[in-house]
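Next comes start21.pdb, a file with PDB, C-alpha atoms.
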ATOM      1  CA  MET Y 240      52.980  77.361  92.913
ATOM      2  CA  ARG Y 241      54.884  74.553  91.219
ATOM      3  CA  ARG Y 242      57.672  76.964  90.433
ATOM      4  CA  VAL Y 243      57.961  77.981  94.073
ATOM      5  CA  VAL Y 244      58.108  74.326  95.167
ATOM      6  CA  PHE Y 245      60.789  73.655  92.556
ATOM      7  CA  ALA Y 246      62.801  76.633  93.745
ATOM      8  CA  LEU Y 247      62.481  75.490  97.351
ATOM      9  CA  LEU Y 248      63.653  72.016  96.356
ATOM     10  CA  LEU Y 249      66.740  73.563  94.757
ATOM     11  CA  LEU Y 250      67.643  75.607  97.850
ATOM     12  CA  PRO Y 251      69.657  72.880  99.673
ATOM     13  CA  ALA Y 252      71.682  72.306  96.500
ATOM     14  CA  ILE Y 253      72.529  76.013  96.310
ATOM     15  CA  ALA Y 254      73.442  76.082 100.004
ATOM     16  CA  GLY Y 255      75.693  73.057  99.504
ATOM     17  CA  ALA Y 256      77.403  74.672  96.540
ATOM     18  CA  GLN Y 257      78.039  77.850  98.525
ATOM     19  CA  ALA Y 258      79.612  75.893 101.366
ATOM     20  CA  LEU Y 259      82.509  74.824  99.114
ATOM     21  CA  VAL Y 260      85.542  77.099  99.227
ATOM     22  CA  THR Y 261      87.743  77.739  96.215
ATOM     23  CA  ARG Y 262      91.193  79.144  96.861
ATOM     24  CA  ASP Y 263      94.244  79.124  94.602
ATOM     25  CA  GLY Y 264      92.384  77.080  92.015
ATOM     26  CA  VAL Y 265      91.369  74.206  94.280
ATOM     27  CA  THR Y 266      87.832  73.688  95.600
ATOM     28  CA  LEU Y 267      87.516  72.153  99.052
ATOM     29  CA  THR Y 268      84.881  71.588 101.718
ATOM     30  CA  PRO Y 269      85.127  73.997 104.676
ATOM     31  CA  ALA Y 270      86.668  71.234 106.815
ATOM     32  CA  GLN Y 271      89.326  70.508 104.193
ATOM     33  CA  GLU Y 272      89.946  74.232 103.722
ATOM     34  CA  SER Y 273      90.540  74.763 107.441
ATOM     35  CA  ARG Y 274      92.935  71.791 107.435
ATOM     36  CA  ALA Y 275      94.805  73.316 104.485
ATOM     37  CA  GLU Y 276      94.954  76.674 106.289
ATOM     38  CA  ALA Y 277      96.316  75.007 109.417
ATOM     39  CA  VAL Y 278      99.106  73.412 107.346
ATOM     40  CA  GLY Y 279      99.855  76.651 105.479
ATOM     41  CA  ASP Y 280     100.005  78.607 108.752
ATOM     42  CA  GLN Y 281     102.945  76.436 109.844
ATOM     43  CA  LEU Y 282     104.962  77.033 106.673
ATOM     44  CA  ARG Y 283     107.194  80.012 105.995
ATOM     45  CA  CYS Y 284     106.931  81.866 102.714
ATOM     46  CA  LEU Y 285     110.416  81.599 101.178
ATOM     47  CA  VAL Y 286     110.078  84.867  99.278
ATOM     48  CA  CYS Y 287     109.218  87.224 102.139
ATOM     49  CA  GLN Y 288     110.665  84.963 104.854
ATOM     50  CA  ASN Y 289     108.651  86.248 107.789
ATOM     51  CA  GLU Y 290     105.132  85.572 106.607
ATOM     52  CA  SER Y 291     103.375  82.246 106.510
ATOM     53  CA  ILE Y 292     102.355  80.760 103.185
ATOM     54  CA  GLU Y 293      98.739  81.492 104.132
ATOM     55  CA  ASP Y 294      99.410  85.192 104.749
ATOM     56  CA  SER Y 295     101.783  85.907 101.894
ATOM     57  CA  ASP Y 296     100.845  87.590  98.628
ATOM     58  CA  ALA Y 297     103.920  86.193  96.834
ATOM     59  CA  LYS Y 298     103.224  84.146  93.731
ATOM     60  CA  LEU Y 299     105.249  81.186  95.005
ATOM     61  CA  ALA Y 300     103.178  81.169  98.210
ATOM     62  CA  GLY Y 301     100.027  80.980  96.080
ATOM     63  CA  GLN Y 302     101.449  78.029  94.127
ATOM     64  CA  LEU Y 303     102.372  76.275  97.369
ATOM     65  CA  ARG Y 304      98.877  76.935  98.776
ATOM     66  CA  GLY Y 305      97.517  75.298  95.614
ATOM     67  CA  ILE Y 306      99.768  72.266  96.160
ATOM     68  CA  ILE Y 307      98.700  71.993  99.819
ATOM     69  CA  ARG Y 308      95.015  72.150  98.822
ATOM     70  CA  THR Y 309      95.432  69.593  96.026
ATOM     71  CA  GLN Y 310      97.108  67.218  98.470
ATOM     72  CA  VAL Y 311      94.440  67.838 101.140
ATOM     73  CA  ALA Y 312      91.765  67.016  98.538
ATOM     74  CA  GLN Y 313      93.661  63.799  97.732
ATOM     75  CA  GLY Y 314      93.615  62.885 101.424
ATOM     76  CA  VAL Y 315      97.394  63.198 101.978
ATOM     77  CA  PRO Y 316      98.077  63.388 105.758
ATOM     78  CA  ASP Y 317      99.353  66.720 107.147
ATOM     79  CA  ARG Y 318     102.700  65.162 108.104
ATOM     80  CA  ASP Y 319     103.346  64.064 104.524
ATOM     81  CA  ILE Y 320     102.455  67.515 103.176
ATOM     82  CA  MET Y 321     104.983  69.045 105.582
ATOM     83  CA  LYS Y 322     107.546  66.439 104.514
ATOM     84  CA  PHE Y 323     106.936  67.362 100.862
ATOM     85  CA  MET Y 324     107.809  70.997 101.694
ATOM     86  CA  VAL Y 325     110.832  70.175 103.890
ATOM     87  CA  GLN Y 326     112.282  67.908 101.179
ATOM     88  CA  ARG Y 327     112.244  70.854  98.780
ATOM     89  CA  TYR Y 328     113.008  73.865 100.939
ATOM     90  CA  GLY Y 329     114.710  72.425 104.046
ATOM     91  CA  ILE Y 330     113.645  72.878 107.668
ATOM     92  CA  PHE Y 331     113.726  76.658 107.209
ATOM     93  CA  VAL Y 332     110.271  76.341 105.633
ATOM     94  CA  LEU Y 333     108.865  75.298 109.028
ATOM     95  CA  LEU Y 334     107.884  78.333 111.106
ATOM     96  CA  LYS Y 335     108.298  76.164 114.214
ATOM     97  CA  PRO Y 336     111.752  74.577 113.998
ATOM     98  CA  PRO Y 337     111.833  70.837 114.765
ATOM     99  CA  VAL Y 338     113.854  69.549 117.728
ATOM    100  CA  SER Y 339     117.171  68.392 116.220
ATOM    101  CA  PRO Y 340     120.870  68.672 117.133
ATOM    102  CA  LEU Y 341     120.845  72.012 115.302
ATOM    103  CA  THR Y 342     118.091  73.378 117.557
ATOM    104  CA  TYR Y 343     118.897  71.741 120.929
ATOM    105  CA  LEU Y 344     120.459  74.957 122.193
ATOM    106  CA  LEU Y 345     117.422  76.952 121.021
ATOM    107  CA  TYR Y 346     114.971  74.745 122.899
ATOM    108  CA  ALA Y 347     117.229  74.451 125.977
ATOM    109  CA  MET Y 348     117.556  78.250 126.214
ATOM    110  CA  PRO Y 349     114.556  78.945 128.522
ATOM    111  CA  ALA Y 350     115.763  76.321 131.033
ATOM    112  CA  LEU Y 351     119.374  77.518 130.731
ATOM    113  CA  ALA Y 352     118.340  81.130 131.233
ATOM    114  CA  LEU Y 353     116.299  80.168 134.305
ATOM    115  CA  LEU Y 354     119.229  78.223 135.786
ATOM    116  CA  LEU Y 355     121.599  81.084 135.067
ATOM    117  CA  GLY Y 356     119.213  83.534 136.672
ATOM    118  CA  LEU Y 357     118.817  81.322 139.757
ATOM    119  CA  ALA Y 358     122.596  80.961 140.033
ATOM    120  CA  ALA Y 359     123.063  84.724 139.751
ATOM    121  CA  PHE Y 360     120.305  85.292 142.317
ATOM    122  CA  CYS Y 361     121.710  82.832 144.845
ATOM    123  CA  PHE Y 362     125.301  83.824 144.291
ATOM    124  CA  GLY Y 363     124.931  87.563 143.873
ATOM    125  CA  ARG Y 364     122.592  88.212 146.829
ATOM    126  CA  PRO Y 365     124.465  90.131 149.521
ATOM    127  CA  ARG Y 366     124.521  88.052 152.716
ATOM    128  CA  PRO Y 367     124.789  89.823 156.076
ATOM    129  CA  GLU Y 368     128.286  89.232 157.366
ATOM    130  CA  THR Y 369     128.524  88.174 160.982
ATOM    131  CA  PRO Y 370     130.672  90.722 162.808
ATOM    132  CA  ALA Y 371     133.883  89.514 164.443
ATOM    133  CA  PRO Y 372     133.545  88.802 168.168
ATOM    134  CA  LEU Y 373     134.517  91.675 170.427
ATOM    135  CA  ASP Y 374     137.969  91.661 171.881
ATOM    136  CA  GLU Y 375     138.530  92.252 175.603
ATOM    137  CA  ALA Y 376     138.901  96.047 175.429
ATOM    138  CA  GLU Y 377     135.758  96.373 173.284
ATOM    139  CA  ALA Y 378     133.801  94.082 175.621
ATOM    140  CA  LEU Y 379     134.834  96.193 178.580
ATOM    141  CA  ARG Y 380     133.851  99.406 176.807
ATOM    142  CA  LEU Y 381     130.459  97.983 175.838
ATOM    143  CA  LYS Y 382     129.894  96.856 179.398
ATOM    144  CA  ASN Y 383     130.729 100.399 180.670
ATOM    145  CA  LEU Y 384     128.452 102.009 178.106
ATOM    146  CA  LEU Y 385     125.551  99.776 179.018
ATOM    147  CA  GLN Y 386     125.831 100.512 182.681
TER     148      GLN Y 386
ATOM    149  CA  MET F 212     131.596  90.263 150.442
ATOM    150  CA  SER F 213     134.538  87.937 149.950
ATOM    151  CA  PRO F 214     137.186  88.969 147.385
ATOM    152  CA  LEU F 215     136.420  85.834 145.291
ATOM    153  CA  ARG F 216     132.729  86.688 145.049
ATOM    154  CA  ARG F 217     133.489  90.284 144.246
ATOM    155  CA  ARG F 218     135.837  89.171 141.469
ATOM    156  CA  LEU F 219     133.257  86.730 140.097
ATOM    157  CA  MET F 220     130.440  89.286 140.147
ATOM    158  CA  PHE F 221     132.599  91.621 138.125
ATOM    159  CA  GLY F 222     134.283  89.009 135.949
ATOM    160  CA  VAL F 223     131.392  86.778 134.848
ATOM    161  CA  PRO F 224     129.206  89.528 133.284
ATOM    162  CA  LEU F 225     132.321  91.064 131.747
ATOM    163  CA  ALA F 226     133.349  87.704 130.232
ATOM    164  CA  LEU F 227     129.806  87.201 128.850
ATOM    165  CA  ALA F 228     129.788  90.677 127.307
ATOM    166  CA  VAL F 229     133.225  90.107 125.759
ATOM    167  CA  ALA F 230     132.173  86.706 124.369
ATOM    168  CA  GLY F 231     128.975  88.210 122.904
ATOM    169  CA  GLY F 232     130.883  91.108 121.379
ATOM    170  CA  GLU F 233     133.445  88.749 119.895
ATOM    171  CA  GLY F 234     130.633  86.617 118.402
ATOM    172  CA  PHE F 235     128.941  89.610 116.774
ATOM    173  CA  TYR F 236     132.291  90.875 115.514
ATOM    174  CA  ILE F 237     133.066  87.549 113.807
ATOM    175  CA  LEU F 238     129.538  87.464 112.331
ATOM    176  CA  LEU F 239     129.833  90.970 110.895
ATOM    177  CA  ARG F 240     133.350  90.344 109.599
ATOM    178  CA  ARG F 241     132.206  87.196 107.796
ATOM    179  CA  MET F 242     129.185  89.037 106.371
ATOM    180  CA  GLN F 243     131.487  91.781 105.124
ATOM    181  CA  ALA F 244     133.821  89.216 103.556
ATOM    182  CA  GLN F 245     130.784  87.644 101.794
ATOM    183  CA  ASP F 246     131.616  84.496 103.693
ATOM    184  CA  TYR F 247     128.288  84.405 105.500
ATOM    185  CA  ASP F 248     124.873  85.558 104.341
ATOM    186  CA  PRO F 249     122.139  85.445 107.001
ATOM    187  CA  HIS F 250     119.475  85.388 104.269
ATOM    188  CA  ALA F 251     120.995  82.453 102.390
ATOM    189  CA  LEU F 252     119.173  79.167 102.758
ATOM    190  CA  PRO F 253     120.955  75.840 102.589
ATOM    191  CA  SER F 254     119.517  73.857  99.670
ATOM    192  CA  PRO F 255     118.289  70.347 100.511
ATOM    193  CA  LEU F 256     119.553  69.366  97.024
ATOM    194  CA  ILE F 257     123.204  69.700  98.082
ATOM    195  CA  GLY F 258     124.835  66.271  97.855
ATOM    196  CA  LYS F 259     121.968  64.898  95.759
ATOM    197  CA  ARG F 260     120.930  64.718  92.120
ATOM    198  CA  PRO F 261     118.135  67.058  91.036
ATOM    199  CA  PRO F 262     114.653  65.475  91.071
ATOM    200  CA  ALA F 263     113.216  63.987  87.875
ATOM    201  CA  PHE F 264     112.053  66.519  85.292
ATOM    202  CA  ALA F 265     111.855  66.902  81.523
ATOM    203  CA  LEU F 266     111.443  70.411  80.189
ATOM    204  CA  PRO F 267     110.969  71.545  76.595
ATOM    205  CA  GLY F 268     113.436  73.897  74.935
ATOM    206  CA  ALA F 269     112.980  77.657  74.702
ATOM    207  CA  ALA F 270     114.286  80.474  72.481
ATOM    208  CA  GLY F 271     115.065  77.949  69.721
ATOM    209  CA  MET F 272     117.416  75.990  71.966
ATOM    210  CA  GLN F 273     117.306  72.402  73.142
ATOM    211  CA  GLY F 274     115.584  71.678  76.446
ATOM    212  CA  PHE F 275     116.782  69.069  78.927
ATOM    213  CA  SER F 276     115.812  66.532  81.522
ATOM    214  CA  ASN F 277     117.427  65.308  84.744
ATOM    215  CA  ALA F 278     119.016  62.468  82.734
ATOM    216  CA  ASP F 279     120.920  65.027  80.613
ATOM    217  CA  ILE F 280     122.678  66.441  83.687
ATOM    218  CA  ALA F 281     123.207  63.084  85.441
ATOM    219  CA  ALA F 282     126.832  62.772  84.253
ATOM    220  CA  PRO F 283     128.170  65.909  82.560
ATOM    221  CA  PRO F 284     131.668  65.571  80.991
ATOM    222  CA  LYS F 285     132.854  68.372  83.301
ATOM    223  CA  PRO F 286     131.295  70.367  86.146
ATOM    224  CA  MET F 287     128.588  72.716  84.957
ATOM    225  CA  LEU F 288     126.108  75.321  86.136
ATOM    226  CA  VAL F 289     122.342  75.250  85.865
ATOM    227  CA  ASN F 290     121.071  78.804  86.066
ATOM    228  CA  TRP F 291     117.441  79.617  86.801
ATOM    229  CA  PHE F 292     116.486  82.950  85.305
ATOM    230  CA  ALA F 293     113.632  84.933  83.800
ATOM    231  CA  SER F 294     113.348  87.848  81.413
ATOM    232  CA  TRP F 295     111.163  89.680  83.969
ATOM    233  CA  CYS F 296     113.822  89.406  86.669
ATOM    234  CA  VAL F 297     115.959  92.513  87.197
ATOM    235  CA  PRO F 298     118.969  90.870  88.925
ATOM    236  CA  CYS F 299     119.051  88.295  86.085
ATOM    237  CA  ALA F 300     119.829  91.086  83.638
ATOM    238  CA  GLU F 301     122.583  92.327  85.983
ATOM    239  CA  GLU F 302     123.975  88.796  86.217
ATOM    240  CA  ALA F 303     124.042  88.245  82.441
ATOM    241  CA  ALA F 304     127.466  89.872  81.970
ATOM    242  CA  MET F 305     129.018  87.626  84.623
ATOM    243  CA  LEU F 306     127.485  84.499  83.076
ATOM    244  CA  GLY F 307     128.843  85.621  79.698
ATOM    245  CA  LYS F 308     132.344  85.919  81.191
ATOM    246  CA  LEU F 309     132.082  82.449  82.747
ATOM    247  CA  ALA F 310     130.825  80.933  79.468
ATOM    248  CA  ALA F 311     133.729  82.581  77.633
ATOM    249  CA  ARG F 312     136.082  80.915  80.134
ATOM    250  CA  GLY F 313     134.712  77.564  78.943
ATOM    251  CA  LEU F 314     132.271  76.831  81.749
ATOM    252  CA  THR F 315     129.137  75.030  80.558
ATOM    253  CA  ILE F 316     125.983  76.856  81.619
ATOM    254  CA  TRP F 317     122.483  75.557  80.974
ATOM    255  CA  GLY F 318     119.554  77.838  81.682
ATOM    256  CA  ILE F 319     116.025  77.218  82.865
ATOM    257  CA  ALA F 320     113.632  80.051  82.054
ATOM    258  CA  TYR F 321     111.277  80.338  85.021
ATOM    259  CA  GLU F 322     107.640  81.181  84.231
ATOM    260  CA  ASP F 323     108.665  83.139  81.185
ATOM    261  CA  ASP F 324     107.063  84.306  77.971
ATOM    262  CA  ALA F 325     108.708  83.207  74.679
ATOM    263  CA  ALA F 326     108.766  86.689  73.090
ATOM    264  CA  ASP F 327     110.065  88.377  76.274
ATOM    265  CA  LEU F 328     112.722  85.670  76.613
ATOM    266  CA  ALA F 329     113.935  86.210  73.036
ATOM    267  CA  ARG F 330     114.171  89.960  73.662
ATOM    268  CA  PHE F 331     116.031  89.383  76.955
ATOM    269  CA  LEU F 332     118.631  87.141  75.273
ATOM    270  CA  ALA F 333     119.028  89.562  72.374
ATOM    271  CA  SER F 334     119.772  92.520  74.640
ATOM    272  CA  ASN F 335     121.739  90.762  77.428
ATOM    273  CA  GLY F 336     123.544  88.068  75.421
ATOM    274  CA  ASN F 337     123.085  84.311  75.620
ATOM    275  CA  PRO F 338     125.632  82.426  77.750
ATOM    276  CA  TYR F 339     123.559  79.216  77.722
ATOM    277  CA  LYS F 340     124.328  76.023  75.767
ATOM    278  CA  ARG F 341     120.765  74.857  76.345
ATOM    279  CA  ILE F 342     117.654  76.607  77.612
ATOM    280  CA  ALA F 343     114.660  74.776  79.043
ATOM    281  CA  ALA F 344     111.341  76.411  79.870
ATOM    282  CA  ASP F 345     109.612  75.817  83.191
ATOM    283  CA  GLN F 346     106.367  77.496  82.212
ATOM    284  CA  GLN F 347     104.340  76.444  85.272
ATOM    285  CA  GLY F 348     107.134  76.682  87.828
ATOM    286  CA  THR F 349     106.517  73.114  89.015
ATOM    287  CA  THR F 350     110.069  71.919  88.352
ATOM    288  CA  ALA F 351     111.273  74.994  90.261
ATOM    289  CA  ILE F 352     109.192  73.946  93.274
ATOM    290  CA  ASN F 353     110.647  70.415  93.090
ATOM    291  CA  TRP F 354     114.164  71.867  93.039
ATOM    292  CA  GLY F 355     113.349  74.163  95.970
ATOM    293  CA  VAL F 356     113.927  77.289  93.875
ATOM    294  CA  TYR F 357     112.430  80.251  95.732
ATOM    295  CA  GLY F 358     113.401  83.081  93.426
ATOM    296  CA  VAL F 359     115.412  83.949  90.354
ATOM    297  CA  PRO F 360     118.272  84.005  89.644
ATOM    298  CA  GLU F 361     119.477  80.829  91.311
ATOM    299  CA  THR F 362     122.596  78.958  90.247
ATOM    300  CA  TYR F 363     123.333  75.285  90.884
ATOM    301  CA  PHE F 364     126.815  73.790  90.585
ATOM    302  CA  ILE F 365     126.667  70.211  89.285
ATOM    303  CA  ASP F 366     129.707  67.931  89.391
ATOM    304  CA  ARG F 367     130.697  65.135  86.983
ATOM    305  CA  ASN F 368     128.486  62.678  88.845
ATOM    306  CA  GLY F 369     125.463  64.903  88.407
ATOM    307  CA  ILE F 370     125.457  65.815  92.097
ATOM    308  CA  VAL F 371     124.551  69.325  93.216
ATOM    309  CA  ARG F 372     127.496  70.734  95.199
ATOM    310  CA  TRP F 373     126.434  74.356  95.648
ATOM    311  CA  ARG F 374     123.407  76.559  95.236
ATOM    312  CA  TYR F 375     123.602  80.322  95.070
ATOM    313  CA  ALA F 376     120.477  82.468  95.281
ATOM    314  CA  GLY F 377     120.950  85.902  93.736
ATOM    315  CA  ALA F 378     123.061  87.380  90.980
ATOM    316  CA  LEU F 379     126.596  85.980  90.764
ATOM    317  CA  THR F 380     129.184  88.669  91.473
ATOM    318  CA  ASP F 381     132.972  88.812  91.111
ATOM    319  CA  ASP F 382     133.264  88.235  94.871
ATOM    320  CA  VAL F 383     131.077  85.116  94.813
ATOM    321  CA  VAL F 384     132.907  83.711  91.798
ATOM    322  CA  ALA F 385     136.298  84.324  93.415
ATOM    323  CA  SER F 386     135.400  83.125  96.899
ATOM    324  CA  THR F 387     133.215  80.107  96.070
ATOM    325  CA  LEU F 388     132.790  79.179  92.415
ATOM    326  CA  ASN F 389     136.478  79.136  91.457
ATOM    327  CA  PRO F 390     137.496  76.921  94.411
ATOM    328  CA  LEU F 391     134.603  74.547  93.556
ATOM    329  CA  LEU F 392     135.699  74.361  89.919
ATOM    330  CA  GLU F 393     139.203  73.476  91.083
ATOM    331  CA  LYS F 394     137.955  70.908  93.583
ATOM    332  CA  TYR F 395     135.656  69.084  91.168
ATOM    333  CA  ALA F 396     137.671  69.638  87.946
TER     334      ALA F 396
END
I need this file expressed as structure tokens, please.
Amino acid sequence: MRRVVFALLLLPAIAGAQALVTRDGVTLTPAQESRAEAVGDQLRCLVCQNESIEDSDAKLAGQLRGIIRTQVAQGVPDRDIMKFMVQRYGIFVLLKPPVSPLTYLLYAMPALALLLGLAAFCFGRPRPETPAPLDEAEALRLKNLLQ
Amino acid sequence: MSPLRRRLMFGVPLALAVAGGEGFYILLRRMQAQDYDPHALPSPLIGKRPPAFALPGAAGMQGFSNADIAAPPKPMLVNWFASWCVPCAEEAAMLGKLAARGLTIWGIAYEDDAADLARFLASNGNPYKRIAADQQGTTAINWGVYGVPETYFIDRNGIVRWRYAGALTDDVVASTLNPLLEKYA
């Protein structure tokens, strides 16, 4: 009986231990882990270039995941973690490019395309042309035909 | 339909298509001339000194720190390589030629094993005046290295002027490295 009580007392401790997530050598609480994943999802893996750091199997991506998780555990804000990566790898590391003179055209494109489309629509639509007024002979002929 | 509108409806799409075609043509021409590589990433280190580091030597050679490359007597290259990297072996002959020309090249062995490194240097030659070992790859991350080989051109003031990712070829040396050596001589 005492053993059972002891085991039951230990249960919450076991549950707590299981809740911690270890990935890339860093152990975090589930909340910290989801924060780390959210940061990693926004960063491009430099080796495969079209996967996020979270999705990539490349060794460098694993090292960067470890760095993100270490910084999350230290309480570094997300913005500063992103800054750490941009300082090393440039803005290419961001899967969502920041708004900067280099990307103005990129972000203006949807509006520009819409304007261009509207212009083409308004300008290119065939408008019915009003026929020239009838001259005297034509008016006479029409009058005769209608009679 | 007025003649002006008819002309515009024909001319505007035609002009756009011509401009697009011209753009793609220039892009492809520059790619062919090795003047533009869509996969190349601009290094944030360009125009700056490399971040602080101090790495031990490898293969019986002296290691180095950022202070050692802060003011080289003449422009030099820092070449990141590894014995396990296939393009590094292909690049070795080119580095040997450059070293023979009198260019100072220091190497950083990226996540390498001492025995493998010794074998690599024995079979491919050793163009390096110094070799440092970045066993954990942490200095590489601070430099923004994303693969090996990578070559950094460092001027007399210790400032990084150029980064090339991939094996150096005759074309790259002729089109970029030689002009840089002349400019910063």
- [ ] May I ask which of the residues F:Asn368, F:Thr380, F:Gln273, F:Thr350 is the closest one to chain Y, counting all atoms listed in the file?
- [x] F:Thr350
TODO: Step by step, work through what the PyMOL selection byres ((chain Y and resi 272-281) around 6) selects in the shown file, and finish by giving those residues as a PyMOL selection string.
DONE: chain Y and resi 267+269-271+282+291-293+308+334
Open item on the list: Near chain F, meaning an atom within 7 Å, which residues of chain Y appear when counting all atoms listed in the file? Write them as an NGL selection string.
Closed with: :Y and (285-286 or 326-329 or 363)
Please, could you write that set of residues out with C-alpha atoms as an mmCIF file, in the coordinates of the input?
data_model
loop_
_atom_site.group_PDB
_atom_site.id
_atom_site.type_symbol
_atom_site.label_atom_id
_atom_site.label_comp_id
_atom_site.auth_asym_id
_atom_site.auth_seq_id
_atom_site.Cartn_x
_atom_site.Cartn_y
_atom_site.Cartn_z
ATOM 1 C CA LEU Y 285 110.416 81.599 101.178
ATOM 2 C CA VAL Y 286 110.078 84.867 99.278
ATOM 3 C CA GLN Y 326 112.282 67.908 101.179
ATOM 4 C CA ARG Y 327 112.244 70.854 98.780
ATOM 5 C CA TYR Y 328 113.008 73.865 100.939
ATOM 6 C CA GLY Y 329 114.710 72.425 104.046
ATOM 7 C CA GLY Y 363 124.931 87.563 143.873
#
Open item on the list: Given the PyMOL selection byres ((chain Y and resi 318) around 12) and the file above, list the residues it selects as number ranges by chain.
Closed with: Y: 274-275, 277-278, 281, 307, 310-311, 314-317, 319-325, 333
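CA of Phe331 in chain Y sits 7.4 Å away from CA of Arg283 in chain Y.
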TODO: Expand the PyMOL selection byres ((chain F and resi 366) around 8) into the individual residues it matches in the shown file, reporting them as a list in words.
DONE: Ala282, Pro283, Lys285, Pro286, Met287, Phe364, Ile365, Arg367, Asn368, Gly369, Ile370, Val371, Arg372 and Tyr395 of chain F
Task: Best match for closeness to Lys308 in chain F among F:Tyr236, F:Phe275, F:Tyr363, F:Tyr339, counting all atoms listed in the file - done: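 Ranking F:Tyr236, F:Phe275, F:Tyr363, F:Tyr339 by distance to Lys308 in chain F, first place goes to F:Tyr339.
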Task: Atom-to-atom span, CA of Trp373 in chain F and CA of Asn389 in chain F, Å - done: 11.9 Å
Task: Coordinates-based distance that separates CA of Tyr375 in chain F from CA of Ala251 in chain F (Å, one decimal) - done: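 So the answer is 8.1 Å.
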Expected axis-aligned box over every listed atom of range 312-324 of chain Y, 6 Å added per side, centre plus edges in Å to one decimal, as AutoDock Vina command-line options:
--center_x 99.8 --center_y 66.9 --center_z 102.9 --size_x 28.0 --size_y 20.1 --size_z 22.4
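Closest approach to Leu299 in chain Y among F:Glu322, F:Arg240, F:Gly377, F:Leu392: F:Glu322, based on all atoms listed in the file.
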